[in-house]
Structure formats: C-alpha cells, structure tokens
$ cat entry.csv   # CSV, C-alpha atoms
chain,number,residue,atom,x,y,z
A,1,MET,CA,0.0,0.0,0.0
A,2,MET,CA,2.8,2.4,0.9
A,3,LEU,CA,4.6,1.5,-2.3
A,4,ARG,CA,1.5,2.2,-4.3
A,5,ALA,CA,1.0,5.6,-2.6
A,6,LEU,CA,4.6,6.4,-3.3
A,7,MET,CA,4.3,5.5,-6.9
A,8,PHE,CA,1.2,7.6,-7.2
A,9,VAL,CA,3.0,10.6,-5.8
A,10,MET,CA,6.0,10.1,-8.1
A,11,ALA,CA,3.7,9.8,-11.1
A,12,LEU,CA,2.0,13.0,-10.1
A,13,ALA,CA,5.3,14.8,-9.8
A,14,VAL,CA,6.4,13.6,-13.2
A,15,PHE,CA,3.2,14.1,-15.2
A,16,SER,CA,1.6,17.2,-13.6
A,17,PRO,CA,2.2,20.2,-15.8
A,18,SER,CA,4.5,22.2,-13.6
A,19,PRO,CA,5.9,25.2,-15.3
A,20,SER,CA,9.5,25.7,-14.2
A,21,PHE,CA,10.2,29.3,-13.9
A,22,ALA,CA,13.7,30.6,-14.3
A,23,VAL,CA,12.7,34.1,-13.2
A,24,GLU,CA,15.0,35.1,-10.3
A,25,PRO,CA,14.0,37.0,-7.2
A,26,ASP,CA,16.0,40.1,-8.1
A,27,GLU,CA,14.3,40.4,-11.4
A,28,ILE,CA,10.7,40.5,-10.1
A,29,LEU,CA,9.0,43.9,-10.2
A,30,SER,CA,7.5,45.3,-7.0
A,31,ASP,CA,4.1,46.0,-8.7
A,32,PRO,CA,2.3,42.6,-8.9
A,33,ALA,CA,0.1,43.8,-11.8
A,34,LEU,CA,3.2,44.7,-13.9
A,35,GLU,CA,5.0,41.5,-12.9
A,36,ALA,CA,1.9,39.5,-14.0
A,37,ARG,CA,2.1,41.2,-17.4
A,38,ALA,CA,5.9,40.5,-17.6
A,39,ARG,CA,5.2,36.8,-16.9
A,40,GLU,CA,2.6,36.6,-19.6
A,41,LEU,CA,5.0,38.2,-22.1
A,42,GLY,CA,7.8,36.0,-20.9
A,43,LYS,CA,5.8,32.9,-21.7
A,44,SER,CA,5.2,34.0,-25.3
A,45,LEU,CA,8.8,35.1,-26.1
A,46,ARG,CA,11.3,32.5,-27.3
A,47,CYS,CA,14.7,32.2,-25.8
A,48,VAL,CA,16.9,32.8,-28.9
A,49,VAL,CA,19.8,30.8,-27.4
A,50,CYS,CA,17.9,27.6,-26.5
A,51,GLN,CA,15.2,28.1,-29.2
A,52,ASN,CA,12.5,25.8,-27.8
A,53,GLN,CA,12.0,27.4,-24.4
A,54,PRO,CA,10.2,30.6,-23.5
A,55,ILE,CA,12.5,33.1,-21.8
A,56,ASP,CA,10.6,32.6,-18.6
A,57,GLU,CA,11.7,29.0,-18.3
A,58,SER,CA,15.3,29.5,-19.6
A,59,ASN,CA,18.4,29.8,-17.5
A,60,ALA,CA,20.4,31.3,-20.4
A,61,ASP,CA,22.1,34.6,-19.7
A,62,LEU,CA,20.5,36.2,-22.7
A,63,ALA,CA,17.0,35.0,-21.7
A,64,ARG,CA,17.6,36.7,-18.3
A,65,ASP,CA,18.6,39.9,-20.0
A,66,MET,CA,15.5,39.7,-22.3
A,67,ARG,CA,13.3,39.3,-19.2
A,68,ILE,CA,14.9,42.3,-17.6
A,69,LEU,CA,14.4,44.3,-20.8
A,70,VAL,CA,10.7,43.3,-20.9
A,71,ARG,CA,10.3,44.5,-17.3
A,72,ASP,CA,12.2,47.8,-18.1
A,73,ARG,CA,9.8,48.5,-21.0
A,74,ILE,CA,6.7,47.6,-19.1
A,75,SER,CA,7.8,49.8,-16.2
A,76,SER,CA,8.4,52.7,-18.6
A,77,GLY,CA,4.8,52.5,-19.9
A,78,ASP,CA,4.9,50.1,-22.9
A,79,THR,CA,1.8,48.1,-23.7
A,80,ASN,CA,2.2,44.3,-24.1
A,81,GLU,CA,1.9,44.8,-27.9
A,82,GLN,CA,4.6,47.4,-27.9
A,83,VAL,CA,7.0,45.1,-26.0
A,84,LEU,CA,6.3,42.2,-28.4
A,85,ALA,CA,6.7,44.6,-31.4
A,86,TYR,CA,10.1,45.7,-30.0
A,87,MET,CA,11.3,42.1,-29.9
A,88,VAL,CA,9.9,41.1,-33.3
A,89,ASP,CA,11.6,44.2,-34.7
A,90,ARG,CA,15.0,42.9,-33.7
A,91,TYR,CA,14.6,39.1,-33.9
A,92,GLY,CA,11.8,38.6,-36.4
A,93,ASP,CA,8.6,36.5,-35.9
A,94,PHE,CA,10.9,33.7,-34.8
A,95,VAL,CA,11.0,35.3,-31.3
A,96,LEU,CA,7.3,34.7,-30.8
A,97,LEU,CA,6.5,31.2,-29.6
A,98,ASP,CA,3.1,31.6,-31.2
A,99,PRO,CA,3.9,33.0,-34.7
A,100,PRO,CA,1.4,35.2,-36.5
A,101,PHE,CA,-0.6,33.8,-39.4
A,102,LYS,CA,0.6,35.4,-42.6
A,103,ALA,CA,2.1,34.7,-46.0
A,104,SER,CA,5.6,33.8,-44.8
A,105,THR,CA,4.3,31.5,-42.0
A,106,LEU,CA,1.6,29.9,-44.2
A,107,VAL,CA,3.6,26.6,-44.5
A,108,LEU,CA,4.1,26.5,-40.8
A,109,TRP,CA,0.4,26.8,-40.0
A,110,ILE,CA,-1.1,24.8,-43.0
A,111,GLY,CA,1.6,22.2,-43.4
A,112,PRO,CA,0.7,19.9,-40.5
A,113,GLY,CA,-2.9,19.9,-41.5
A,114,VAL,CA,-2.1,19.1,-45.1
A,115,ILE,CA,0.2,16.3,-44.1
A,116,ALA,CA,-2.5,14.9,-41.6
A,117,VAL,CA,-5.1,14.9,-44.4
A,118,PHE,CA,-2.7,13.2,-46.8
A,119,GLY,CA,-1.9,10.6,-44.1
A,120,MET,CA,-5.5,9.9,-43.4
A,121,PHE,CA,-6.3,9.5,-47.1
A,122,ALA,CA,-3.3,7.1,-47.4
A,123,VAL,CA,-4.5,5.0,-44.4
A,124,VAL,CA,-8.1,4.8,-45.6
A,125,SER,CA,-7.2,3.8,-49.1
A,126,PHE,CA,-4.7,1.3,-47.8
A,127,TYR,CA,-7.4,-0.4,-45.6
A,128,ARG,CA,-10.0,-0.2,-48.3
A,129,ARG,CA,-7.9,-1.9,-50.8
A,130,ASN,CA,-6.8,-4.6,-48.3
A,131,LYS,CA,-10.4,-5.3,-47.3
A,132,SER,CA,-11.6,-5.9,-50.9
A,133,ASN,CA,-8.6,-8.1,-51.5
A,134,ASP,CA,-8.7,-9.9,-48.2
A,135,ASP,CA,-11.4,-12.6,-48.6
A,136,ALA,CA,-10.4,-13.6,-52.1
A,137,THR,CA,-6.6,-13.6,-51.7
A,138,ALA,CA,-6.7,-15.1,-48.2
A,139,VAL,CA,-8.7,-18.1,-49.3
A,140,ALA,CA,-6.5,-18.6,-52.4
A,141,ALA,CA,-3.3,-18.3,-50.3
A,142,ASN,CA,-4.4,-20.5,-47.5
A,143,PRO,CA,-7.4,-22.9,-47.8
A,144,GLN,CA,-7.6,-23.3,-44.1
A,145,THR,CA,-9.0,-19.8,-43.7
A,146,ALA,CA,-11.9,-20.6,-46.0
A,147,PRO,CA,-15.3,-19.8,-44.4
A,148,LEU,CA,-16.8,-22.6,-42.2
A,149,SER,CA,-18.9,-25.2,-43.8
A,150,ASP,CA,-22.4,-26.1,-42.4
A,151,ASP,CA,-21.0,-29.1,-40.7
A,152,GLU,CA,-18.2,-27.2,-39.1
A,153,ARG,CA,-20.6,-24.5,-37.9
A,154,LYS,CA,-22.8,-27.1,-36.2
A,155,ARG,CA,-19.8,-28.6,-34.4
A,156,LEU,CA,-18.6,-25.2,-33.3
A,157,ASP,CA,-22.0,-24.2,-31.9
A,158,ALA,CA,-22.2,-27.5,-30.0
A,159,LEU,CA,-18.8,-27.0,-28.5
A,160,LEU,CA,-19.6,-23.4,-27.4
A,161,LYS,CA,-22.9,-24.6,-25.8
A,162,ASP,CA,-20.9,-27.2,-23.8
A,163,ASP,CA,-18.7,-24.5,-22.5
A,164,ASP,CA,-21.7,-22.5,-21.3
A,165,ALA,CA,-23.1,-25.4,-19.3
B,1,MET,CA,2.4,-0.4,-58.0
B,2,LYS,CA,3.0,-2.0,-54.6
B,3,LYS,CA,6.6,-2.6,-55.4
B,4,LEU,CA,7.1,1.1,-56.3
B,5,THR,CA,6.0,2.1,-52.7
B,6,TYR,CA,9.0,0.1,-51.4
B,7,PHE,CA,11.2,2.6,-53.1
B,8,LEU,CA,9.5,5.6,-51.4
B,9,PRO,CA,11.9,5.7,-48.4
B,10,LEU,CA,14.9,5.6,-50.8
B,11,ALA,CA,13.4,8.5,-52.8
B,12,VAL,CA,12.9,10.5,-49.7
B,13,LEU,CA,16.5,9.8,-48.7
B,14,VAL,CA,17.8,11.0,-52.0
B,15,VAL,CA,15.8,14.3,-51.8
B,16,VAL,CA,16.9,15.0,-48.2
B,17,GLY,CA,20.4,14.0,-49.1
B,18,PHE,CA,20.4,16.4,-52.0
B,19,PHE,CA,19.5,19.4,-49.8
B,20,ALA,CA,22.0,18.3,-47.1
B,21,ILE,CA,24.9,18.2,-49.6
B,22,LEU,CA,23.8,21.6,-51.0
B,23,GLN,CA,24.0,23.1,-47.5
B,24,LEU,CA,27.3,21.5,-46.8
B,25,LYS,CA,28.7,22.8,-50.1
B,26,GLN,CA,27.7,26.3,-49.1
B,27,VAL,CA,29.5,25.9,-45.7
B,28,SER,CA,32.6,24.6,-47.4
B,29,GLU,CA,32.5,27.6,-49.8
B,30,GLY,CA,32.7,29.9,-46.7
B,31,LYS,CA,29.2,31.3,-47.1
B,32,SER,CA,27.6,31.8,-43.8
B,33,VAL,CA,24.6,29.6,-43.3
B,34,ASN,CA,22.7,31.7,-40.9
B,35,LEU,CA,20.8,29.8,-38.4
B,36,LEU,CA,18.5,32.7,-38.0
B,37,PRO,CA,18.3,35.2,-40.8
B,38,SER,CA,18.6,38.7,-39.4
B,39,VAL,CA,15.6,40.9,-39.9
B,40,LEU,CA,17.9,43.9,-39.4
B,41,ILE,CA,19.6,43.8,-42.8
B,42,ASN,CA,19.1,47.0,-44.7
B,43,ARG,CA,17.7,48.7,-41.6
B,44,GLU,CA,19.2,51.6,-39.7
B,45,VAL,CA,21.0,50.8,-36.4
B,46,ALA,CA,18.6,51.6,-33.5
B,47,PRO,CA,19.8,54.6,-31.5
B,48,PHE,CA,21.9,53.6,-28.5
B,49,ALA,CA,24.9,54.8,-26.5
B,50,MET,CA,26.9,52.7,-24.1
B,51,PRO,CA,29.7,53.5,-21.7
B,52,GLY,CA,33.3,52.4,-22.2
B,53,ILE,CA,35.2,49.6,-20.5
B,54,GLN,CA,37.9,50.3,-17.9
B,55,GLY,CA,40.9,52.0,-19.3
B,56,HIS,CA,39.6,52.2,-22.9
B,57,GLY,CA,37.9,55.6,-23.2
B,58,LYS,CA,34.4,56.8,-23.3
B,59,GLY,CA,32.5,54.0,-25.1
B,60,TRP,CA,30.5,54.7,-28.2
B,61,GLY,CA,27.0,54.9,-29.7
B,62,SER,CA,25.0,54.6,-32.9
B,63,LYS,CA,26.0,58.2,-33.9
B,64,ASP,CA,29.6,57.2,-34.1
B,65,LEU,CA,28.8,54.8,-37.0
B,66,VAL,CA,27.5,57.5,-39.3
B,67,GLY,CA,29.8,58.9,-42.1
B,68,GLN,CA,32.0,55.8,-42.6
B,69,VAL,CA,31.8,52.1,-43.3
B,70,THR,CA,32.3,50.2,-40.1
B,71,LEU,CA,32.5,46.7,-38.7
B,72,VAL,CA,30.7,46.3,-35.4
B,73,ASN,CA,32.0,43.3,-33.5
B,74,LEU,CA,30.4,41.7,-30.5
B,75,PHE,CA,32.8,39.8,-28.2
B,76,GLY,CA,33.4,38.7,-24.6
B,77,SER,CA,36.3,37.5,-22.6
B,78,TRP,CA,34.2,34.4,-21.8
B,79,CYS,CA,33.7,33.6,-25.5
B,80,VAL,CA,36.0,30.9,-26.8
B,81,ALA,CA,35.0,31.4,-30.5
B,82,CYS,CA,35.9,35.2,-30.1
B,83,LEU,CA,39.4,34.2,-29.2
B,84,SER,CA,39.7,32.1,-32.4
B,85,GLU,CA,38.5,35.1,-34.4
B,86,HIS,CA,40.7,37.6,-32.6
B,87,PRO,CA,44.0,37.2,-34.5
B,88,PHE,CA,42.1,37.9,-37.7
B,89,LEU,CA,40.7,41.1,-36.3
B,90,MET,CA,44.2,42.1,-35.3
B,91,ARG,CA,45.3,41.7,-38.9
B,92,ILE,CA,42.4,43.9,-40.1
B,93,LYS,CA,43.5,46.5,-37.6
B,94,ASP,CA,47.3,46.3,-38.4
B,95,GLN,CA,46.6,46.7,-42.1
B,96,ASN,CA,44.1,49.5,-41.4
B,97,LEU,CA,41.4,47.9,-43.5
B,98,ILE,CA,38.3,49.1,-41.6
B,99,PRO,CA,37.6,50.6,-38.2
B,100,ILE,CA,36.2,47.9,-35.9
B,101,TYR,CA,33.8,49.1,-33.2
B,102,GLY,CA,33.7,46.6,-30.3
B,103,VAL,CA,30.9,45.7,-28.0
B,104,ASP,CA,32.2,43.9,-24.8
B,105,TRP,CA,29.2,41.8,-24.1
B,106,ARG,CA,28.0,40.4,-20.8
B,107,GLU,CA,31.2,40.6,-18.7
B,108,LYS,CA,30.4,39.5,-15.1
B,109,ASP,CA,33.7,41.1,-14.0
B,110,PRO,CA,34.2,44.6,-15.4
B,111,ALA,CA,38.0,44.0,-15.4
B,112,ALA,CA,37.8,40.8,-17.5
B,113,GLY,CA,37.3,42.6,-20.8
B,114,PRO,CA,40.3,45.0,-20.4
B,115,ARG,CA,42.4,42.1,-19.1
B,116,TRP,CA,41.6,40.0,-22.2
B,117,LEU,CA,42.5,42.9,-24.5
B,118,ALA,CA,45.8,43.5,-22.7
B,119,LYS,CA,46.7,39.9,-23.1
B,120,TYR,CA,45.7,39.4,-26.7
B,121,GLY,CA,45.8,42.9,-28.2
B,122,ASN,CA,43.1,45.5,-29.0
B,123,PRO,CA,41.8,45.6,-32.5
B,124,TYR,CA,39.0,48.1,-31.7
B,125,THR,CA,38.7,51.8,-32.6
B,126,LEU,CA,36.2,52.2,-29.8
B,127,ILE,CA,34.9,49.8,-27.2
B,128,GLY,CA,31.6,49.9,-25.4
B,129,ASN,CA,30.4,47.9,-22.4
B,130,ASP,CA,27.2,46.0,-22.6
B,131,PRO,CA,26.8,44.0,-19.4
B,132,GLN,CA,23.0,43.6,-19.6
B,133,SER,CA,22.8,42.8,-23.4
B,134,LYS,CA,20.9,46.1,-24.1
B,135,VAL,CA,23.0,46.8,-27.2
B,136,ALA,CA,23.2,43.1,-28.1
B,137,ILE,CA,19.4,42.8,-28.1
B,138,SER,CA,19.1,45.9,-30.2
B,139,PHE,CA,21.3,44.2,-32.8
B,140,GLY,CA,19.2,41.0,-32.5
B,141,VAL,CA,22.2,39.1,-31.3
B,142,THR,CA,21.8,35.4,-30.3
B,143,GLY,CA,25.4,34.5,-29.5
B,144,ALA,CA,29.0,35.7,-29.7
B,145,PRO,CA,30.9,36.5,-31.8
B,146,GLU,CA,28.6,38.3,-34.2
B,147,SER,CA,29.7,41.1,-36.5
B,148,PHE,CA,27.7,43.7,-38.5
B,149,LEU,CA,28.8,45.6,-41.5
B,150,VAL,CA,27.3,49.1,-41.3
B,151,ASP,CA,27.3,51.6,-44.2
B,152,LYS,CA,27.9,55.3,-44.2
B,153,LYS,CA,24.3,56.1,-43.4
B,154,GLY,CA,24.4,53.8,-40.4
B,155,VAL,CA,22.4,51.1,-42.1
B,156,ILE,CA,23.2,47.4,-41.3
B,157,ARG,CA,24.2,45.7,-44.6
B,158,TYR,CA,25.5,42.4,-43.5
B,159,LYS,CA,25.5,40.1,-40.5
B,160,GLN,CA,28.2,37.6,-39.8
B,161,THR,CA,27.2,34.9,-37.2
B,162,GLY,CA,30.2,33.3,-35.7
B,163,PRO,CA,33.9,34.0,-36.2
B,164,ILE,CA,35.1,35.9,-39.2
B,165,SER,CA,37.2,33.5,-41.2
B,166,SER,CA,39.7,34.5,-43.9
B,167,SER,CA,37.4,32.9,-46.6
B,168,VAL,CA,34.4,34.9,-45.4
B,169,TRP,CA,36.5,38.0,-45.4
B,170,LYS,CA,37.9,37.4,-48.9
B,171,LYS,CA,34.7,36.2,-50.5
B,172,THR,CA,32.1,38.4,-48.8
B,173,LEU,CA,33.1,41.0,-46.3
B,174,TRP,CA,36.0,42.7,-48.1
B,175,PRO,CA,34.3,43.0,-51.6
B,176,LEU,CA,31.2,44.3,-49.8
B,177,ILE,CA,33.2,46.9,-47.9
B,178,GLN,CA,34.7,48.2,-51.1
B,179,GLU,CA,31.3,48.4,-52.7
B,180,LEU,CA,29.8,50.2,-49.7
B,181,ARG,CA,32.7,52.8,-49.7
B,182,LYS,CA,31.7,53.8,-53.2
B,183,GLU,CA,28.1,54.5,-52.3

$ encode --input "entry.csv" --output "structure tokens"
Amino acid sequence: MMLRALMFVMALAVFSPSPSFAVEPDEILSDPALEARARELGKSLRCVVCQNQPIDESNADLARDMRILVRDRISSGDTNEQVLAYMVDRYGDFVLLDPPFKASTLVLWIGPGVIAVFGMFAVVSFYRRNKSNDDATAVAANPQTAPLSDDERKRLDALLKDDDA
Amino acid sequence: MKKLTYFLPLAVLVVVGFFAILQLKQVSEGKSVNLLPSVLINREVAPFAMPGIQGHGKGWGSKDLVGQVTLVNLFGSWCVACLSEHPFLMRIKDQNLIPIYGVDWREKDPAAGPRWLAKYGNPYTLIGNDPQSKVAISFGVTGAPESFLVDKKGVIRYKQTGPISSSVWKKTLWPLIQELRKE
C-alpha cells in the first residue's frame, strides 16, 4: 500500500504540468500587476539561445537579459503589444512562440494539416484496398482460412454450448 | 504499383540528401549559413549609446557609426570562439582595412574585458560595455561572436554569425566593404 501511494506521488510529480520558472527574485517587479504582465509576455517570447523554451523558463544569460528588458519596457509604460513589437523588430517573428498567421508563415500553419489529411487519405485507401482483396486472396493463399462449412458451424455451436453449461 | 512504394523511403532519402549536400557545399565555400536570418539587414541601427570599459575611453553609440563604413563586432572575454577570431581582427587593424567598433558583451567582472584585450591585443577603434545585453538585443544578437557591416548612413548591410574566417573575409566582407565605400 505504501509503495502504491509512493508511486502515485511520483507519477503526479512527473506528469503534472508544472511550469519551471527561471525568473530570479532580483528580477521581479514590485508591482504585482506589472509583474503578471511580464510573466505573460515571458511565456510567449522564445529564448533565442535555446530556441525551444520561453524566456521565462530558460536559464540562459541572454534570456535573463531579455526578461529584464521586458520589465524595463513595461515599467516605462509600454503596452504588451509594444513590447512584443520591440522584440519582433529585432529578432523577427521567430522570437514569438506563437507565430502570427501570414504569408511567410503559411507553410508553418497549414503544413501539418495538409500532411495529416494526406496521411488519413493514405491510411483509408490502404485499408479499403486490403479489405476488398482480403477474402479472395486469403482463401487462395491458405485454404484453411476458408469460411466454415455447415458441418463445421454445427460442431462449433455444440462446443460453445458445452462451454456455457 | 505496390513494389514502387517500397522505393519511397529511398526516394525521400535522395531528396533529403540532396539538400544536405547543397547546404554542406555552401558551408565549405565559406558562405555563412545563418541559423537565424537577421531581420535587421538594410535597416538603420537603432539609436543607442553605451559607456566604455575600464581604461579604454568613453565608449560609443549609434551616432559614431554614421559617415564611414564600419565593422561592429560583439565579443566577450568568456567567449571561446571570439578568441579564435581575434588574430584575424588584429590583422584587419594592423593593415588599417576598416575601423572595428567593439561591444564587450556580458562581462560578469568589469575588469575581465580589459584584461583579455591587454593579453591578446586590442583591434578596436572604440569599445563599449554591454553587461546587460541592451546593445546586443538591439542588434538581434543570439550569441558571440557576431559582426555587422554598417554603411555610411548607419544602415546594417551584412551580418556575420560566428567567427570571421579568412574565406568569409575574402569572398564576402572585403568585396562588400569596397562596394559600400563607393556608395
């Protein structure tokens, strides 16, 4: 019982979505409202060193400096949009973890859908073809898989009945 | 028809291989294959000014770049690749090819940059201190070393990610510098 409880706790620790923040105490703004905005922005900006982490979760030095810059700009009165525009201006759309939908990012957005549709089409046509071939080819290849004869059917029913009793 | 599908993986491999070889060829020819294309090419340097580092004067700002073709180079004493690029920068300086404006990036110890320059030599016309990446971010920098070729109007014309090698210099930077000087 103890072991099971322990395993449950461990599984919880592993699988629960716990965002790991790299934001250090000395970075945090004294105004909680501004800090909340900084956290929101920090989640949507990519760390350009580690590339698959938001700056809020990255321990890279440059990510830290970007977090501080975000806070500087918020404190000096920038809106969230202005802060994002500032970063995009310098690093391109790449810096946004959620890239905008436009001509240059079309493949990014449409690509997976197109591939999924293509894949589904391939799977469906594969099974459809197999099914129509199945009965005929299977019997030809291996006579033992031929449908049961009436005699065989009766024997099978009898056997199954015995089992029930 | 069915047999043909067995060749599909091979076909994919050939196509992927083709692009891989194309990319490798570019690297071997000394063209920089930028991991991230800079959005700042052909845009004016954002206004900034930064203080100097210990014992190397007053620092510099975006205004210092106007009126001449310059090479802006981002380095740090902590950066190993910068050291490998350094002898080449010294040669550029010794032959007086182009003024190099240095950005000493992210030094934890303010004395580390000057110590590094004292040990290996100083190729820079002016050096600024950027401990909090403010200038680095305004250049869209992702790592050191990075260098930018800036024209007379203060517009960024080329970005070199990683060390400047002699082949990059010969094939790209030096011809471009001469072109920009004529503008």

$ interface_residues --input "entry.csv" --of "chain B" --to "chain A" --cutoff "9 Å" --atoms "only C-alpha atoms" --output "MDAnalysis selection string"
chainID B and resid 36:40 106 132:134 137:143

$ atom_distance --input "entry.csv" --atom1 "atom CA of B:Met50" --atom2 "atom CA of A:Ser76"
19.3 Å

$ atom_distance --input "entry.csv" --atom1 "atom CA of B:Glu183" --atom2 "atom CA of B:Pro163"
26.7 Å

$ atom_distance --input "entry.csv" --atom1 "atom CA of B:Asp64" --atom2 "atom CA of B:Tyr101"
9.2 Å

$ residues_around --input "entry.csv" --residues "A:Val83" --least-positions-apart "2" --cutoff "12 Å" --atoms "all atoms listed in the file" --output "PyMOL selection string"
chain A and resi 37-38+40-42+44-45+66-81+85-90+95-96

$ write_last_selection --input "entry.csv" --atoms "C-alpha atoms" --output "mmCIF file, in the frame of the given file"
data_model
loop_
_atom_site.group_PDB
_atom_site.id
_atom_site.type_symbol
_atom_site.label_atom_id
_atom_site.label_comp_id
_atom_site.auth_asym_id
_atom_site.auth_seq_id
_atom_site.Cartn_x
_atom_site.Cartn_y
_atom_site.Cartn_z
ATOM 1 C CA ARG A 37 2.100 41.200 -17.400
ATOM 2 C CA ALA A 38 5.900 40.500 -17.600
ATOM 3 C CA GLU A 40 2.600 36.600 -19.600
ATOM 4 C CA LEU A 41 5.000 38.200 -22.100
ATOM 5 C CA GLY A 42 7.800 36.000 -20.900
ATOM 6 C CA SER A 44 5.200 34.000 -25.300
ATOM 7 C CA LEU A 45 8.800 35.100 -26.100
ATOM 8 C CA MET A 66 15.500 39.700 -22.300
ATOM 9 C CA ARG A 67 13.300 39.300 -19.200
ATOM 10 C CA ILE A 68 14.900 42.300 -17.600
ATOM 11 C CA LEU A 69 14.400 44.300 -20.800
ATOM 12 C CA VAL A 70 10.700 43.300 -20.900
ATOM 13 C CA ARG A 71 10.300 44.500 -17.300
ATOM 14 C CA ASP A 72 12.200 47.800 -18.100
ATOM 15 C CA ARG A 73 9.800 48.500 -21.000
ATOM 16 C CA ILE A 74 6.700 47.600 -19.100
ATOM 17 C CA SER A 75 7.800 49.800 -16.200
ATOM 18 C CA SER A 76 8.400 52.700 -18.600
ATOM 19 C CA GLY A 77 4.800 52.500 -19.900
ATOM 20 C CA ASP A 78 4.900 50.100 -22.900
ATOM 21 C CA THR A 79 1.800 48.100 -23.700
ATOM 22 C CA ASN A 80 2.200 44.300 -24.100
ATOM 23 C CA GLU A 81 1.900 44.800 -27.900
ATOM 24 C CA ALA A 85 6.700 44.600 -31.400
ATOM 25 C CA TYR A 86 10.100 45.700 -30.000
ATOM 26 C CA MET A 87 11.300 42.100 -29.900
ATOM 27 C CA VAL A 88 9.900 41.100 -33.300
ATOM 28 C CA ASP A 89 11.600 44.200 -34.700
ATOM 29 C CA ARG A 90 15.000 42.900 -33.700
ATOM 30 C CA VAL A 95 11.000 35.300 -31.300
ATOM 31 C CA LEU A 96 7.300 34.700 -30.800
#

$ closest_residue --input "entry.csv" --among "B:Leu74, B:Val27, B:Cys82, B:Leu65" --to "B:Pro131" --atoms "all atoms listed in the file"
B:Leu74

$ residues_around --input "entry.csv" --residues "B:Leu117" --least-positions-apart "5" --cutoff "10 Å" --atoms "all atoms listed in the file" --output "list of chain:residue names"
B:His56, B:Ser77, B:His86, B:Ala112, B:Asn122, B:Pro123, B:Tyr124

$ closest_residue --input "entry.csv" --among "B:Gly67, B:Gly113, B:Glu107, B:Glu44" --to "B:Phe148" --atoms "only C-alpha atoms"
B:Glu44

$ residues_near_point --input "entry.csv" --point "(32.5, 46.2, -29.0)" --cutoff "7 Å" --atoms "only C-alpha atoms" --output "NGL selection string"
:B and (72-75 or 101-104 or 127-128)

$ build_atoms --input "entry.csv" --residues "stretch 116-122 of chain A" --atoms "all heavy atoms" --output "CSV table (one decimal), keeping the file's coordinate frame"
chain,number,residue,atom,x,y,z
A,116,ALA,N,-1.5,15.8,-42.4
A,116,ALA,CA,-2.5,14.9,-41.6
A,116,ALA,C,-3.5,14.4,-42.6
A,116,ALA,O,-3.9,13.2,-42.6
A,116,ALA,CB,-3.1,15.6,-40.5
A,117,VAL,N,-4.1,15.3,-43.4
A,117,VAL,CA,-5.1,14.9,-44.4
A,117,VAL,C,-4.6,13.9,-45.4
A,117,VAL,O,-5.2,12.8,-45.6
A,117,VAL,CB,-5.7,16.1,-45.1
A,117,VAL,CG1,-6.5,15.7,-46.3
A,117,VAL,CG2,-6.5,17.0,-44.2
A,118,PHE,N,-3.4,14.1,-45.9
A,118,PHE,CA,-2.7,13.2,-46.8
A,118,PHE,C,-2.6,11.8,-46.1
A,118,PHE,O,-2.8,10.8,-46.7
A,118,PHE,CB,-1.4,13.8,-47.2
A,118,PHE,CG,-0.7,13.0,-48.3
A,118,PHE,CD1,-1.1,13.1,-49.6
A,118,PHE,CD2,0.4,12.2,-47.9
A,118,PHE,CE1,-0.4,12.4,-50.6
A,118,PHE,CE2,1.0,11.5,-48.9
A,118,PHE,CZ,0.6,11.6,-50.2
A,119,GLY,N,-2.1,11.9,-44.9
A,119,GLY,CA,-1.9,10.6,-44.1
A,119,GLY,C,-3.2,9.8,-44.0
A,119,GLY,O,-3.2,8.6,-44.2
A,120,MET,N,-4.2,10.5,-43.6
A,120,MET,CA,-5.5,9.9,-43.4
A,120,MET,C,-6.0,9.2,-44.7
A,120,MET,O,-6.5,8.1,-44.7
A,120,MET,CB,-6.6,10.9,-42.9
A,120,MET,CG,-6.6,11.0,-41.3
A,120,MET,SD,-7.9,11.9,-40.8
A,120,MET,CE,-7.3,13.6,-40.8
A,121,PHE,N,-5.9,10.0,-45.7
A,121,PHE,CA,-6.3,9.5,-47.1
A,121,PHE,C,-5.5,8.2,-47.4
A,121,PHE,O,-6.1,7.2,-47.8
A,121,PHE,CB,-6.0,10.6,-48.1
A,121,PHE,CG,-6.4,10.2,-49.5
A,121,PHE,CD1,-7.8,10.2,-49.9
A,121,PHE,CD2,-5.5,9.8,-50.4
A,121,PHE,CE1,-8.1,9.9,-51.1
A,121,PHE,CE2,-5.8,9.5,-51.7
A,121,PHE,CZ,-7.2,9.5,-52.0
A,122,ALA,N,-4.2,8.2,-47.1
A,122,ALA,CA,-3.3,7.1,-47.4
A,122,ALA,C,-3.8,5.9,-46.6
A,122,ALA,O,-3.9,4.8,-47.1
A,122,ALA,CB,-1.9,7.4,-47.1
